[in-house]
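Novice: Sharing start09.txt (compact mmCIF, C-alpha atoms (C1' of nucleotides)) below.
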```txt
# COMPACT_ATOMS: atom_id res chain seq x y z
CA MET A 1 -73.99 -38.80 -138.31
CA PRO A 2 -74.50 -40.04 -134.75
CA THR A 3 -77.65 -39.11 -132.87
CA LYS A 4 -75.93 -36.70 -130.50
CA SER A 5 -72.88 -34.58 -131.16
CA ILE A 6 -69.89 -34.76 -128.88
CA SER A 7 -70.47 -31.24 -127.65
CA THR A 8 -74.05 -32.14 -126.71
CA ILE A 9 -72.88 -35.19 -124.77
CA ALA A 10 -70.11 -33.19 -123.12
CA GLY A 11 -72.53 -30.40 -122.30
CA THR A 12 -74.94 -32.78 -120.59
CA ILE A 13 -72.26 -34.41 -118.48
CA ALA A 14 -70.67 -31.08 -117.60
CA GLU A 15 -73.98 -29.70 -116.44
CA GLU A 16 -75.15 -32.70 -114.43
CA CYS A 17 -72.14 -34.61 -113.18
CA ILE A 18 -72.08 -34.92 -109.42
CA ALA A 19 -68.46 -36.03 -109.29
CA VAL A 20 -67.07 -32.98 -111.07
CA ARG A 21 -68.81 -30.75 -108.57
CA MET A 22 -67.77 -32.75 -105.54
CA ARG A 23 -64.19 -32.66 -106.72
CA ILE A 24 -64.17 -28.93 -107.42
CA LEU A 25 -65.38 -28.19 -103.91
CA ASN A 26 -63.02 -30.74 -102.42
CA ARG A 27 -60.03 -29.10 -104.05
CA ALA A 28 -61.16 -25.64 -102.97
CA VAL A 29 -61.73 -26.71 -99.36
CA THR A 30 -58.53 -28.72 -99.11
CA ARG A 31 -56.60 -25.70 -100.31
CA ILE A 32 -58.08 -23.52 -97.57
CA TYR A 33 -57.02 -25.90 -94.80
CA ASP A 34 -53.62 -26.69 -96.27
CA ASP A 35 -52.90 -22.98 -96.59
CA ALA A 36 -53.85 -22.38 -92.97
CA LEU A 37 -51.81 -25.31 -91.66
CA ARG A 38 -48.74 -24.77 -93.86
CA PRO A 39 -46.81 -22.75 -91.25
CA LEU A 40 -46.91 -25.87 -89.05
CA GLY A 41 -45.67 -28.15 -91.83
CA LEU A 42 -48.94 -30.02 -91.48
CA ARG A 43 -51.55 -30.95 -94.09
CA VAL A 44 -55.23 -31.43 -93.58
CA THR A 45 -55.00 -35.15 -94.28
CA GLN A 46 -52.39 -35.52 -91.61
CA MET A 47 -54.31 -33.37 -89.18
CA ASN A 48 -57.26 -35.68 -89.65
CA ILE A 49 -55.14 -38.66 -88.70
CA LEU A 50 -53.84 -36.84 -85.63
CA VAL A 51 -57.42 -36.06 -84.71
CA ALA A 52 -58.69 -39.59 -85.22
CA ALA A 53 -55.80 -41.01 -83.23
CA GLY A 54 -56.11 -38.39 -80.51
CA LYS A 55 -59.78 -39.19 -80.08
CA MET A 56 -59.23 -42.93 -79.92
CA GLY A 57 -56.15 -42.87 -77.69
CA ILE A 58 -54.87 -46.05 -79.26
CA ALA A 59 -55.72 -46.09 -82.94
CA HIS A 60 -56.33 -49.22 -84.98
CA PRO A 61 -55.93 -48.75 -88.74
CA ALA A 62 -58.74 -51.00 -89.91
CA PRO A 63 -61.63 -49.35 -88.01
CA MET A 64 -60.19 -45.91 -88.78
CA CYS A 65 -60.25 -46.73 -92.49
CA ARG A 66 -63.83 -47.91 -92.31
CA ASN A 67 -64.82 -44.75 -90.48
CA LEU A 68 -63.09 -42.43 -92.96
CA ARG A 69 -63.84 -44.55 -96.04
CA LEU A 70 -60.11 -44.60 -96.70
CA ASP A 71 -58.13 -47.39 -98.28
CA GLY A 72 -55.84 -49.29 -95.93
CA SER A 73 -52.78 -48.78 -98.09
CA THR A 74 -53.34 -45.03 -98.07
CA LEU A 75 -53.49 -44.85 -94.32
CA SER A 76 -50.47 -47.11 -94.05
CA ARG A 77 -48.32 -44.72 -96.06
CA ASN A 78 -49.62 -41.62 -94.36
CA VAL A 79 -48.91 -43.10 -90.94
CA GLU A 80 -45.45 -44.11 -92.13
CA ARG A 81 -44.65 -40.51 -93.08
CA MET A 82 -46.02 -39.23 -89.81
CA LYS A 83 -43.99 -41.71 -87.78
CA SER A 84 -40.83 -40.60 -89.51
CA LYS A 85 -41.67 -37.03 -88.55
CA GLY A 86 -42.00 -38.13 -84.94
CA TRP A 87 -45.72 -37.41 -84.59
CA LEU A 88 -46.92 -41.02 -84.21
CA GLU A 89 -45.49 -44.15 -82.64
CA THR A 90 -46.34 -47.84 -82.76
CA VAL A 91 -48.01 -49.40 -79.74
CA SER A 92 -47.09 -52.95 -78.79
CA THR A 93 -49.94 -55.45 -78.88
CA ALA A 94 -50.79 -59.10 -78.35
CA ASP A 95 -52.34 -59.63 -81.80
CA GLY A 96 -49.44 -59.88 -84.23
CA ARG A 97 -51.53 -58.78 -87.19
CA ALA A 98 -52.41 -55.43 -85.70
CA GLN A 99 -50.27 -52.30 -85.87
CA PRO A 100 -52.00 -49.89 -83.52
CA PHE A 101 -50.41 -46.48 -83.03
CA GLN A 102 -50.76 -43.38 -80.90
CA LEU A 103 -49.70 -39.74 -80.77
CA THR A 104 -46.26 -38.93 -79.43
CA ARG A 105 -45.69 -35.99 -77.17
CA GLN A 106 -44.65 -34.05 -80.25
CA GLY A 107 -47.81 -35.14 -82.06
CA LYS A 108 -49.96 -33.89 -79.19
CA ASP A 109 -48.19 -30.54 -79.15
CA LEU A 110 -48.69 -30.24 -82.87
CA LEU A 111 -52.39 -30.98 -82.59
CA ARG A 112 -52.71 -28.32 -79.90
CA SER A 113 -51.03 -25.72 -82.06
CA ALA A 114 -53.17 -26.70 -85.03
CA GLN A 115 -56.31 -25.50 -83.25
CA THR A 116 -55.93 -21.83 -84.11
CA PRO A 117 -55.18 -22.18 -87.84
CA TRP A 118 -57.88 -24.83 -88.06
CA ARG A 119 -60.46 -22.43 -86.68
CA ARG A 120 -59.40 -19.81 -89.19
CA ALA A 121 -59.80 -22.34 -91.98
CA GLN A 122 -63.23 -23.33 -90.69
CA LYS A 123 -64.34 -19.73 -90.93
CA ARG A 124 -63.04 -19.33 -94.44
CA ALA A 125 -64.61 -22.59 -95.56
CA ARG A 126 -67.94 -21.66 -94.04
CA ALA A 127 -67.83 -18.29 -95.76
CA LEU A 128 -67.03 -19.93 -99.08
CA LEU A 129 -69.60 -22.72 -98.94
CA GLY A 130 -72.41 -21.09 -97.02
CA ASP A 131 -74.26 -22.31 -93.93
CA GLY A 132 -76.81 -24.25 -95.94
CA PHE A 133 -74.18 -26.42 -97.50
CA ILE A 134 -72.46 -27.15 -94.19
CA GLU A 135 -75.71 -28.27 -92.63
CA VAL A 136 -76.57 -30.66 -95.44
CA LEU A 137 -72.98 -31.87 -95.55
CA GLU A 138 -73.17 -33.00 -91.94
CA ARG A 139 -76.41 -34.86 -92.41
CA THR A 140 -75.09 -36.50 -95.56
CA VAL A 141 -71.94 -37.79 -93.94
CA GLU A 142 -74.04 -39.35 -91.19
CA ARG A 143 -76.05 -41.00 -93.88
CA VAL A 144 -73.00 -42.31 -95.72
CA ARG A 145 -71.57 -43.66 -92.50
CA ARG A 146 -74.78 -45.54 -91.80
CA ASP A 147 -74.66 -46.84 -95.36
CA ALA A 148 -71.16 -48.19 -94.71
CA GLU A 149 -72.40 -50.32 -91.83
CA GLY A 150 -75.47 -51.76 -93.51
CA MET B 1 -52.22 -29.61 -66.78
CA PRO B 2 -53.36 -27.85 -69.96
CA THR B 3 -56.85 -26.39 -70.13
CA LYS B 4 -58.17 -28.94 -72.57
CA SER B 5 -57.14 -32.56 -72.96
CA ILE B 6 -56.02 -33.89 -76.30
CA SER B 7 -59.09 -36.08 -76.59
CA THR B 8 -61.32 -33.04 -76.05
CA ILE B 9 -59.51 -31.07 -78.74
CA ALA B 10 -59.58 -34.04 -81.10
CA GLY B 11 -63.25 -34.62 -80.35
CA THR B 12 -64.14 -31.03 -81.20
CA ILE B 13 -62.28 -31.04 -84.48
CA ALA B 14 -63.60 -34.46 -85.44
CA GLU B 15 -67.17 -33.35 -84.83
CA GLU B 16 -66.97 -29.99 -86.56
CA CYS B 17 -64.32 -30.13 -89.28
CA ILE B 18 -65.72 -29.32 -92.69
CA ALA B 19 -62.68 -30.64 -94.55
CA VAL B 20 -62.86 -34.15 -93.06
CA ARG B 21 -66.46 -34.42 -94.19
CA MET B 22 -65.84 -33.02 -97.66
CA ARG B 23 -63.00 -35.45 -98.12
CA ILE B 24 -64.96 -38.47 -96.92
CA LEU B 25 -67.72 -37.75 -99.41
CA ASN B 26 -65.24 -36.99 -102.14
CA ARG B 27 -63.53 -40.35 -101.73
CA ALA B 28 -66.86 -42.17 -101.66
CA VAL B 29 -68.14 -40.43 -104.77
CA THR B 30 -64.89 -40.76 -106.69
CA ARG B 31 -64.94 -44.48 -105.99
CA ILE B 32 -68.43 -44.84 -107.43
CA TYR B 33 -67.46 -43.22 -110.73
CA ASP B 34 -64.08 -44.90 -111.00
CA ASP B 35 -65.73 -48.29 -110.45
CA ALA B 36 -68.28 -47.60 -113.16
CA LEU B 37 -65.68 -46.35 -115.66
CA ARG B 38 -63.03 -48.99 -114.92
CA PRO B 39 -64.10 -51.33 -117.77
CA LEU B 40 -63.21 -48.50 -120.16
CA GLY B 41 -59.80 -47.92 -118.59
CA LEU B 42 -60.99 -44.42 -117.77
CA ARG B 43 -61.03 -42.51 -114.49
CA VAL B 44 -63.41 -39.82 -113.44
CA THR B 45 -60.70 -37.16 -113.50
CA GLN B 46 -59.88 -38.07 -117.06
CA MET B 47 -63.53 -38.18 -118.06
CA ASN B 48 -63.88 -34.65 -116.76
CA ILE B 49 -61.07 -33.50 -118.98
CA LEU B 50 -62.62 -35.24 -121.98
CA VAL B 51 -65.88 -33.50 -121.15
CA ALA B 52 -64.36 -30.07 -120.71
CA ALA B 53 -62.42 -30.42 -123.95
CA GLY B 54 -65.40 -31.85 -125.82
CA LYS B 55 -67.53 -28.93 -124.77
CA MET B 56 -64.96 -26.34 -125.75
CA GLY B 57 -63.91 -27.90 -129.02
CA ILE B 58 -60.44 -26.46 -128.68
CA ALA B 59 -59.40 -26.47 -125.06
CA HIS B 60 -57.06 -23.98 -123.48
CA PRO B 61 -55.45 -25.17 -120.23
CA ALA B 62 -55.48 -21.87 -118.34
CA PRO B 63 -59.22 -21.13 -118.52
CA MET B 64 -59.99 -24.78 -117.90
CA CYS B 65 -57.95 -24.68 -114.71
CA ARG B 66 -59.72 -21.57 -113.53
CA ASN B 67 -63.07 -23.16 -114.22
CA LEU B 68 -62.25 -26.37 -112.37
CA ARG B 69 -60.12 -24.74 -109.66
CA LEU B 70 -57.33 -27.07 -110.68
CA ASP B 71 -53.62 -26.33 -110.57
CA GLY B 72 -51.96 -25.89 -113.96
CA SER B 73 -49.30 -28.46 -113.27
CA THR B 74 -51.94 -31.05 -112.42
CA LEU B 75 -53.78 -30.53 -115.68
CA SER B 76 -50.51 -30.56 -117.58
CA ARG B 77 -49.66 -34.02 -116.32
CA ASN B 78 -53.14 -35.40 -116.77
CA VAL B 79 -53.24 -34.17 -120.35
CA GLU B 80 -49.81 -35.67 -120.95
CA ARG B 81 -51.03 -39.12 -119.87
CA MET B 82 -54.15 -38.79 -121.98
CA LYS B 83 -52.16 -37.77 -125.05
CA SER B 84 -49.98 -40.83 -124.69
CA LYS B 85 -53.14 -42.95 -124.60
CA GLY B 86 -54.23 -41.34 -127.85
CA TRP B 87 -57.30 -39.57 -126.47
CA LEU B 88 -56.06 -36.00 -126.87
CA GLU B 89 -53.88 -34.19 -129.37
CA THR B 90 -52.16 -30.82 -129.50
CA VAL B 91 -53.63 -28.13 -131.73
CA SER B 92 -51.25 -25.82 -133.54
CA THR B 93 -51.56 -22.16 -132.72
CA ALA B 94 -50.10 -18.75 -133.43
CA ASP B 95 -49.40 -17.89 -129.78
CA GLY B 96 -46.28 -19.79 -128.81
CA ARG B 97 -47.11 -19.80 -125.10
CA ALA B 98 -50.40 -21.63 -125.52
CA GLN B 99 -50.75 -25.39 -125.77
CA PRO B 100 -54.39 -25.88 -126.74
CA PHE B 101 -55.59 -29.44 -127.31
CA GLN B 102 -58.63 -31.31 -128.55
CA LEU B 103 -60.19 -34.76 -128.55
CA THR B 104 -58.94 -37.28 -131.06
CA ARG B 105 -61.33 -39.57 -132.87
CA GLN B 106 -60.50 -42.20 -130.26
CA GLY B 107 -61.17 -39.70 -127.48
CA LYS B 108 -64.58 -38.91 -128.92
CA ASP B 109 -65.47 -42.59 -129.17
CA LEU B 110 -64.38 -43.08 -125.59
CA LEU B 111 -66.53 -40.20 -124.39
CA ARG B 112 -69.51 -41.65 -126.22
CA SER B 113 -69.05 -45.05 -124.59
CA ALA B 114 -68.61 -43.43 -121.19
CA GLN B 115 -72.19 -42.16 -121.25
CA THR B 116 -73.81 -45.38 -120.05
CA PRO B 117 -71.49 -46.14 -117.13
CA TRP B 118 -71.59 -42.47 -116.19
CA ARG B 119 -75.36 -42.56 -115.94
CA ARG B 120 -75.15 -45.64 -113.74
CA ALA B 121 -72.69 -43.84 -111.48
CA GLN B 122 -74.94 -40.78 -111.33
CA LYS B 123 -77.77 -42.96 -110.06
CA ARG B 124 -75.64 -44.59 -107.43
CA ALA B 125 -74.22 -41.26 -106.29
CA ARG B 126 -77.67 -39.73 -106.07
CA ALA B 127 -78.90 -42.68 -104.05
CA LEU B 128 -75.95 -42.42 -101.69
CA LEU B 129 -76.01 -38.66 -101.16
CA GLY B 130 -79.71 -37.89 -101.41
CA ASP B 131 -81.50 -35.33 -103.55
CA GLY B 132 -81.17 -32.59 -100.98
CA PHE B 133 -77.42 -32.76 -101.07
CA ILE B 134 -77.25 -32.71 -104.86
CA GLU B 135 -79.39 -29.62 -105.03
CA VAL B 136 -77.30 -27.67 -102.55
CA LEU B 137 -74.13 -28.94 -104.19
CA GLU B 138 -75.11 -27.38 -107.49
CA ARG B 139 -75.92 -24.03 -105.98
CA THR B 140 -72.70 -24.06 -103.99
CA VAL B 141 -70.51 -24.74 -106.99
CA GLU B 142 -72.13 -21.82 -108.81
CA ARG B 143 -71.32 -19.72 -105.79
CA VAL B 144 -67.69 -20.86 -105.66
CA ARG B 145 -67.29 -20.20 -109.36
CA ARG B 146 -68.57 -16.67 -108.94
CA ASP B 147 -66.19 -16.26 -106.01
CA ALA B 148 -63.32 -17.28 -108.31
CA GLU B 149 -64.07 -14.43 -110.70
CA GLY B 150 -64.52 -11.68 -108.12
C1' DC C 1 -50.75 -80.72 -84.81
C1' DC C 2 -51.56 -79.13 -89.49
C1' DC C 3 -54.38 -76.98 -92.87
C1' DT C 4 -57.57 -73.79 -94.47
C1' DT C 5 -59.81 -69.60 -94.18
C1' DG C 6 -60.42 -64.92 -92.91
C1' DT C 7 -58.52 -60.49 -91.17
C1' DA C 8 -54.87 -56.84 -90.76
C1' DT C 9 -51.31 -54.63 -92.82
C1' DT C 10 -47.68 -53.66 -96.16
C1' DT C 11 -45.62 -53.43 -100.99
C1' DG C 12 -45.75 -52.74 -105.99
C1' DT C 13 -47.49 -49.76 -109.28
C1' DA C 14 -50.09 -46.00 -111.24
C1' DT C 15 -52.66 -41.81 -111.02
C1' DA C 16 -54.01 -37.17 -108.98
C1' DT C 17 -52.77 -33.24 -106.77
C1' DA C 18 -50.19 -28.90 -105.52
C1' DC C 19 -46.28 -25.58 -104.59
C1' DA C 20 -42.04 -23.70 -106.08
C1' DA C 21 -39.08 -22.86 -109.70
C1' DT C 22 -38.16 -22.52 -114.48
C1' DA C 23 -38.80 -21.76 -119.46
C1' DT C 24 -41.18 -19.58 -123.15
C1' DC C 25 -43.28 -16.21 -125.35
C1' DG C 26 -46.24 -11.87 -126.38
C1' DA C 27 -46.99 -7.00 -125.65
C1' DG C 28 -45.84 -2.39 -124.59
C1' DG C 29 -42.71 1.21 -123.46
C1' DA C 30 -38.27 3.73 -123.72
C1' DT D 1 -34.74 -2.34 -131.28
C1' DC D 2 -34.30 -3.98 -126.78
C1' DC D 3 -35.99 -4.66 -122.24
C1' DT D 4 -38.97 -5.59 -118.79
C1' DC D 5 -43.42 -7.43 -117.36
C1' DG D 6 -47.16 -10.47 -117.34
C1' DA D 7 -49.26 -14.66 -118.83
C1' DT D 8 -48.81 -19.69 -120.10
C1' DA D 9 -47.16 -23.91 -119.61
C1' DT D 10 -43.73 -27.46 -117.97
C1' DT D 11 -40.43 -29.62 -114.47
C1' DG D 12 -38.77 -30.86 -109.86
C1' DT D 13 -40.34 -32.63 -105.73
C1' DA D 14 -43.53 -34.30 -102.27
C1' DT D 15 -47.88 -36.00 -100.71
C1' DA D 16 -52.46 -38.47 -101.20
C1' DT D 17 -54.95 -41.92 -103.10
C1' DA D 18 -56.41 -46.66 -104.63
C1' DC D 19 -56.24 -51.45 -106.65
C1' DA D 20 -53.88 -55.73 -106.79
C1' DA D 21 -50.81 -58.75 -104.81
C1' DA D 22 -48.13 -60.36 -101.09
C1' DT D 23 -47.34 -61.06 -96.16
C1' DA D 24 -48.26 -62.08 -91.41
C1' DC D 25 -50.97 -63.87 -88.25
C1' DA D 26 -55.18 -65.79 -85.62
C1' DA D 27 -58.76 -69.07 -85.11
C1' DG D 28 -61.15 -73.19 -85.90
C1' DG D 29 -61.79 -77.92 -87.86
C1' DG D 30 -60.19 -82.20 -88.68
```
Reformat the file's structure so that it appears as C-alpha cells.
Specialist:
Amino acid sequence: MPTKSISTIAGTIAEECIAVRMRILNRAVTRIYDDALRPLGLRVTQMNILVAAGKMGIAHPAPMCRNLRLDGSTLSRNVERMKSKGWLETVSTADGRAQPFQLTRQGKDLLRSAQTPWRRAQKRARALLGDGFIEVLERTVERVRRDAEG
Amino acid sequence: MPTKSISTIAGTIAEECIAVRMRILNRAVTRIYDDALRPLGLRVTQMNILVAAGKMGIAHPAPMCRNLRLDGSTLSRNVERMKSKGWLETVSTADGRAQPFQLTRQGKDLLRSAQTPWRRAQKRARALLGDGFIEVLERTVERVRRDAEG
DNA sequence: CCCTTGTATTTGTATATACAATATCGAGGA
DNA sequence: TCCTCGATATTGTATATACAAATACAAGGG
C-alpha cells in the first residue's frame, strides 16, 4: 500500500493548485466578453489585437507578443484571420523580415462599436470577480511584465 | 472628426480591460505548469481532469463541468484523448445517458508521478504572482463557484 | 563577397475551448 | 402504452493556443 492514496493526492492538488483556479476564472471571464461582443462577430482575443494595434498605430508582431506573453505563431494566425475579415492590413516596410500591420477603416469602425459592449462586459466581470480581485490583478500584471523584461 | 480618436479608445481599453489581464496571467501560468509536466507527456488541463476524477472515484462529466465552468463538449474531447492514452476508462452504469469514467492503473501512476513537477510549478507560479494574488484568487474562485449555484 | 549567426515570421501538428445541433435516454403524464 | 420534456453526452465547425521546424532576411566578420 502506497503512503498516500490517490484520493488524498487528488484532494491536495484540487485544493491548492493555482493553475486550476486561474483557468476557471479565465474561462468565466472570457465567456462574459465573448458573449457581449458576439453581436459584432468579434471575440475578446481579436478585440485585444485591435486594441494593441490601435494604440501602436503601426503594430509589430514581435514586441506585441512580448507584451502580451503570447506565442508568435498564435498571433500570426489570429492576424491572418483578421486580415481576411478586412479588419487589418499589412504595412510595407524596409526590413524584409518584419510584417507590421495596422487597422483598416473597417477595423477602426469595429473597435469604435466595440466600446459599448466592452463596457457592459467590464461591469459584469467586475461584479463577478469583486473589486479586490481587480485591484490585485492589475498590480500582478505589472509585476509579470517587469519579470518579462528582467 | 469623431469625438475620440482610435488611439484614445484603444488606450482606454488597453489600460482598463480585465479580460486582457486575466488572459495574460492565464497564459503565463499555464506555461509554467505545462513546462513542468512536459517530461510526463501531460498537460495541466489533463492533470486537472485526472485530479477531479481521482477525487471523485467515479467521475460524472456533467457535475465536473459545472464545477470547473467547462463546456461539456470540451470535457468530452479531453476525456476521449485521455482514454486513448490509457489513462481513463469508462465505467458501466444503469443510466444509459451517463458516461461516467475513472482512472486506470496507468492513470493513477501518472497522477502519482505528477506530484513532484506539480509542486515545482506551484513554487514558480507563487513566485511569479505573489502571495497576495494567490490569496485573493482562492477567495474569488469560491465566490464564482457560489455564483454558479445561485 | 560569402558565411555564420541572430531575429522575425510562418507552417506543421496537436491540444483546448466553445456554440450550435444532434442523439440518447429516463421520467412523468395522459 | 405512448408521448413529450428535460437532462446527458457527442458531433460539426471554428477559433485560440503553443512547440518544433522551416523560412526569410539583416548584420557583421573574415
Novice: Taking only C-alpha atoms (C1' of nucleotides) into account, which of C:DG26, C:DA20, C:DT15, C:DA8 comes nearest chain A?
Specialist: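 The answer is C:DA8, which sits nearest to chain A.
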Novice: For the contact check between chain C and segment 9-25 of chain D, emit one row per residue of chain C within 12 Å, containing the shortest atom pair and the distance in Å rounded to one decimal, counting only C-alpha atoms (C1' of nucleotides), chain then rising number order, as CSV.
Specialist:
```
residue,atom,partner,partner_atom,distance
C:DG6,C1',D:DC25,C1',10.6
C:DT7,C1',D:DC25,C1',8.8
C:DA8,C1',D:DC25,C1',8.4
C:DT9,C1',D:DA24,C1',8.2
C:DT10,C1',D:DT23,C1',7.4
C:DT11,C1',D:DA22,C1',7.4
C:DG12,C1',D:DA21,C1',7.9
C:DT13,C1',D:DA20,C1',9.1
C:DA14,C1',D:DA18,C1',9.2
C:DT15,C1',D:DT17,C1',8.2
C:DA16,C1',D:DT17,C1',7.6
C:DT17,C1',D:DA16,C1',7.6
C:DA18,C1',D:DT15,C1',8.9
C:DC19,C1',D:DT13,C1',9.3
C:DA20,C1',D:DG12,C1',8.7
C:DA21,C1',D:DG12,C1',8.0
C:DT22,C1',D:DT11,C1',7.5
C:DA23,C1',D:DT10,C1',7.7
C:DT24,C1',D:DA9,C1',8.2
C:DC25,C1',D:DA9,C1',10.4
```
Novice: What does the distance from atom CA of Thr140 of chain A to atom CA of Met56 of chain A come to in Å, to one decimal?
Specialist: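 Here the two named atoms are 23.2 Å from each other.
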Novice: Skipping near chain neighbours, those fewer than 3 positions away, what residues fall within 9 Å of Asn78 of chain B using only C-alpha atoms (C1' of nucleotides), listed as a list in words?
Specialist: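 The filter keeps Thr45, Gln46, Ile49, Ser73, Thr74, Leu75, Arg81, Met82 and Lys83 of chain B; DT15 and DA16 of chain C.
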Novice: If we count all atoms listed in the file, what is near segment 17-28 of chain A at a cut-off of 7 Å, once residues fewer than 6 positions away on the same chain are taken out, given as a list in words?
Specialist: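 The neighbour list is Met22, Arg23, Asn26, Val29, Thr30, Asn48, Leu68, Arg69, Gln122 and Val141 of chain B.
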Novice: Store the residues of this selection in a file with C-alpha atoms, as a PDB file, keeping the file's coordinate frame.
Specialist:
```pdb
ATOM      1  CA  MET B  22     -65.840 -33.020 -97.660  1.00  0.00           C
ATOM      2  CA  ARG B  23     -63.000 -35.450 -98.120  1.00  0.00           C
ATOM      3  CA  ASN B  26     -65.240 -36.990-102.140  1.00  0.00           C
ATOM      4  CA  VAL B  29     -68.140 -40.430-104.770  1.00  0.00           C
ATOM      5  CA  THR B  30     -64.890 -40.760-106.690  1.00  0.00           C
ATOM      6  CA  ASN B  48     -63.880 -34.650-116.760  1.00  0.00           C
ATOM      7  CA  LEU B  68     -62.250 -26.370-112.370  1.00  0.00           C
ATOM      8  CA  ARG B  69     -60.120 -24.740-109.660  1.00  0.00           C
ATOM      9  CA  GLN B 122     -74.940 -40.780-111.330  1.00  0.00           C
ATOM     10  CA  VAL B 141     -70.510 -24.740-106.990  1.00  0.00           C
TER      11      VAL B 141
END
```
Novice: What are the residues of chain B that have an atom within 12 Å of an atom of chain D, counting only C-alpha atoms (C1' of nucleotides), as a PyMOL selection string?
Specialist: chain B and resi 23+26-28+30-31+34-35+38+43+60-63+65+71-77+79-80+95-100
